[in-house]
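What follows is the content of work20.csv (CSV, C-alpha atoms).
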```csv
chain,number,residue,atom,x,y,z
A,1057,MET,CA,-2.1,-1.2,-4.5
A,1058,ARG,CA,-1.0,-1.3,-8.1
A,1059,LYS,CA,-1.0,-4.6,-9.9
A,1060,GLU,CA,2.4,-5.6,-11.3
A,1061,PRO,CA,2.7,-5.8,-15.1
A,1062,THR,CA,2.5,-9.3,-16.5
A,1063,THR,CA,4.2,-8.6,-19.8
A,1064,GLU,CA,7.5,-7.2,-20.9
A,1065,PHE,CA,5.6,-4.5,-22.8
A,1066,GLY,CA,3.7,-3.5,-19.6
A,1067,ARG,CA,6.9,-3.4,-17.4
A,1068,ASP,CA,8.8,-1.4,-20.0
A,1069,ILE,CA,5.9,1.2,-20.3
A,1070,ARG,CA,5.7,1.6,-16.5
A,1071,ASP,CA,9.5,2.0,-16.1
A,1072,ARG,CA,9.9,4.4,-19.0
A,1073,ILE,CA,7.0,6.7,-18.0
A,1074,GLN,CA,8.8,7.3,-14.7
A,1075,GLU,CA,12.3,7.5,-16.2
A,1076,LYS,CA,11.4,9.8,-19.1
A,1077,TYR,CA,8.5,11.9,-17.8
A,1078,HIS,CA,8.4,11.6,-14.0
A,1079,ILE,CA,4.5,11.8,-14.1
A,1080,SER,CA,1.7,9.4,-13.3
A,1081,GLU,CA,0.5,6.8,-15.7
A,1082,ASP,CA,-2.8,8.6,-15.8
A,1083,GLU,CA,-1.2,11.9,-16.8
A,1084,PHE,CA,0.9,10.1,-19.4
A,1085,ALA,CA,-2.2,8.5,-20.9
A,1086,GLN,CA,-4.2,11.8,-21.0
A,1087,LYS,CA,-1.6,14.4,-21.8
A,1088,ILE,CA,1.0,12.6,-23.8
A,1089,ILE,CA,-0.7,9.8,-25.8
A,1090,LYS,CA,-4.3,11.1,-25.6
A,1091,ILE,CA,-6.0,7.9,-24.5
A,1092,ALA,CA,-8.1,7.0,-21.5
A,1093,PRO,CA,-6.1,6.1,-18.4
A,1094,SER,CA,-8.1,2.9,-18.0
A,1095,SER,CA,-7.0,1.8,-21.4
A,1096,LEU,CA,-3.3,2.4,-20.6
A,1097,SER,CA,-3.8,0.5,-17.3
A,1098,ARG,CA,-5.2,-2.5,-19.2
A,1099,TYR,CA,-2.2,-2.5,-21.6
A,1100,ILE,CA,0.3,-2.2,-18.8
A,1101,ASN,CA,-1.4,-5.0,-16.8
A,1102,GLY,CA,-1.7,-7.3,-19.8
A,1103,ARG,CA,-5.5,-7.4,-19.7
A,1104,ALA,CA,-5.7,-6.0,-23.2
A,1105,VAL,CA,-3.4,-5.6,-26.3
A,1106,PRO,CA,-3.4,-2.1,-27.7
A,1107,PRO,CA,-4.3,-1.5,-31.3
A,1108,TYR,CA,-1.2,-1.3,-33.3
A,1109,THR,CA,-1.6,2.5,-33.9
A,1110,ILE,CA,-1.8,3.1,-30.1
A,1111,ALA,CA,1.2,0.8,-29.5
A,1112,LEU,CA,3.1,2.9,-32.0
A,1113,ARG,CA,2.1,6.1,-30.2
A,1114,ILE,CA,3.1,4.6,-26.8
A,1115,CYS,CA,6.5,3.3,-28.1
A,1116,GLY,CA,7.2,6.6,-29.9
A,1117,ALA,CA,6.5,8.7,-26.8
A,1118,LEU,CA,8.7,6.4,-24.6
A,1119,ASP,CA,11.5,5.7,-27.2
A,1120,LEU,CA,10.7,2.0,-27.1
A,1121,ASN,CA,11.3,-0.3,-30.1
A,1122,ILE,CA,7.9,-1.7,-31.1
A,1123,ASN,CA,9.6,-4.6,-32.9
A,1124,LYS,CA,10.7,-6.0,-29.5
A,1125,TYR,CA,7.0,-6.7,-28.6
A,1126,ASP,CA,4.4,-9.1,-29.9
A,1127,ILE,CA,1.7,-6.7,-30.8
A,1128,SER,CA,-0.8,-8.1,-33.3
A,1129,THR,CA,-1.7,-6.0,-36.3
A,1130,LYS,CA,-5.0,-7.9,-36.4
A,1131,LYS,CA,-6.2,-5.6,-33.6
A,1132,MET,CA,-5.6,-2.6,-35.8
A,1133,ILE,CA,-8.6,-3.1,-38.0
A,1134,LYS,CA,-11.4,-4.0,-35.6
A,1135,LYS,CA,-14.3,-1.6,-36.0
A,1136,GLU,CA,-16.5,-1.0,-39.0
A,1137,SER,CA,-15.5,2.6,-39.0
A,1138,ASP,CA,-11.8,1.5,-39.4
A,1139,VAL,CA,-12.8,-0.5,-42.4
A,1140,ILE,CA,-14.8,2.4,-43.9
A,1141,ASP,CA,-11.8,4.7,-43.4
A,1142,LEU,CA,-9.5,2.1,-45.0
A,1143,LYS,CA,-11.9,1.6,-47.9
A,1144,GLU,CA,-11.7,5.4,-48.6
A,1145,GLU,CA,-7.9,5.3,-48.6
A,1146,PHE,CA,-8.0,2.2,-50.9
A,1147,ILE,CA,-10.2,4.2,-53.3
A,1148,LYS,CA,-7.9,7.2,-53.2
A,1149,LEU,CA,-4.9,5.0,-54.0
A,1150,GLY,CA,-6.7,3.3,-56.8
A,1151,ILE,CA,-6.6,-0.2,-55.2
A,1152,ILE,CA,-10.3,-0.6,-55.4
A,1153,GLU,CA,-13.0,1.4,-57.1
A,1154,GLU,CA,-16.0,3.2,-55.6
A,1155,GLY,CA,-18.7,0.6,-54.8
A,1156,GLU,CA,-16.2,-2.3,-54.5
A,1157,THR,CA,-15.7,-4.0,-51.2
A,1158,ILE,CA,-12.4,-4.8,-49.4
A,1159,THR,CA,-11.8,-8.5,-49.5
A,1160,GLU,CA,-10.3,-10.5,-46.7
A,1161,GLN,CA,-7.4,-11.2,-49.0
A,1162,GLN,CA,-6.7,-7.5,-49.3
A,1163,LEU,CA,-6.9,-7.1,-45.5
A,1164,VAL,CA,-4.5,-10.0,-45.0
A,1165,LEU,CA,-2.1,-8.5,-47.5
A,1166,LEU,CA,-2.3,-5.1,-45.8
A,1167,ARG,CA,-1.6,-6.6,-42.4
A,1168,GLY,CA,1.5,-8.3,-43.8
A,1169,VAL,CA,2.7,-5.0,-45.3
A,1170,LEU,CA,2.2,-3.2,-42.0
A,1171,ALA,CA,3.8,-6.0,-39.9
A,1172,SER,CA,6.9,-6.1,-42.2
A,1173,ASN,CA,7.2,-2.3,-42.1
A,1174,LYS,CA,6.8,-1.6,-38.3
A,1175,ALA,CA,10.0,0.3,-38.0
A,1176,MET,CA,9.0,2.7,-40.9
A,1177,PHE,CA,5.7,3.4,-39.3
A,1178,GLN,CA,7.3,3.9,-35.9
A,1179,ASN,CA,9.6,6.5,-37.4
A,1180,ILE,CA,6.7,8.3,-39.1
A,1181,ASP,CA,4.9,8.4,-35.7
A,1182,LYS,CA,8.0,9.9,-34.1
A,1183,LEU,CA,8.3,12.6,-36.8
A,1184,VAL,CA,4.6,13.5,-36.4
A,1185,VAL,CA,5.0,13.9,-32.6
A,1186,LYS,CA,8.2,16.0,-33.1
A,1187,ASN,CA,6.5,18.2,-35.6
A,1188,LYS,CA,3.6,18.9,-33.3
A,1189,ASP,CA,6.0,20.4,-30.7
```
Can you dump the structure from the file as C-alpha cells?
Amino acid sequence: MRKEPTTEFGRDIRDRIQEKYHISEDEFAQKIIKIAPSSLSRYINGRAVPPYTIALRICGALDLNINKYDISTKKMIKKESDVIDLKEEFIKLGIIEEGETITEQQLVLLRGVLASNKAMFQNIDKLVVKNKD
C-alpha cells in the first residue's frame, strides 16, 4: 500500500505524473527526470527535500510552478564536489581567482540570487528539456 503524500509538493507530483504521463512514479523517475525511484518516493512522501536543481527538473517536467513550494536553495550546494564545480564557475566568471576559496558570504549571496530568480531558472530548465526532444 502506497503512503499518502504529506506535502503539497508531494501530492502535486503524484497527481501530475498520472494526469500528464499515465506512467508509474518509478518510470517517471527513471525515464523522465533521470533519478532513482527511491529518491522520488522520498520527495513525494515528504521524507526528504529535493535539491533545488532536481526540484526544477521535476517541476519543469510536470508543468508545476516551483515558486508555489518551499524548496530550500540551501540543499543545492551540499557536497564537496558541488563546491568544487561552483568554484570552477566562479573562476571562469572572474568572481574569484585560481587558488582563492569561496567564502560563506559568497555562498549566501549566490543562494539569494538563485532564490530570487527561481522563475528564470525554471524557464531555462524547460528550454533545455524541449531542446533535447
Using Å and a single decimal, report how far atom CA of A:Leu1166 sits from atom CA of A:Arg1113.
19.7 Å
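Between atom CA of A:Thr1159 and atom CA of A:Asn1179 there is a distance of 28.8 Å.
Atom CA of A:Pro1061 sits 15.9 Å away from atom CA of A:Ala1111.
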For A:Asp1126, which residue among A:Tyr1099, A:Phe1065, A:Tyr1077, A:Phe1084 is the nearest when counting only C-alpha atoms?
A:Phe1065
List every protein, DNA or RNA residue with an atom no more than 12 Å from (10.0, -2.9, -28.0) in the file's coordinates, counting only C-alpha atoms, and format the result as a ChimeraX atom specification.
/A:1063-1069,1072,1111-1112,1114-1116,1118-1127,1174-1175,1178
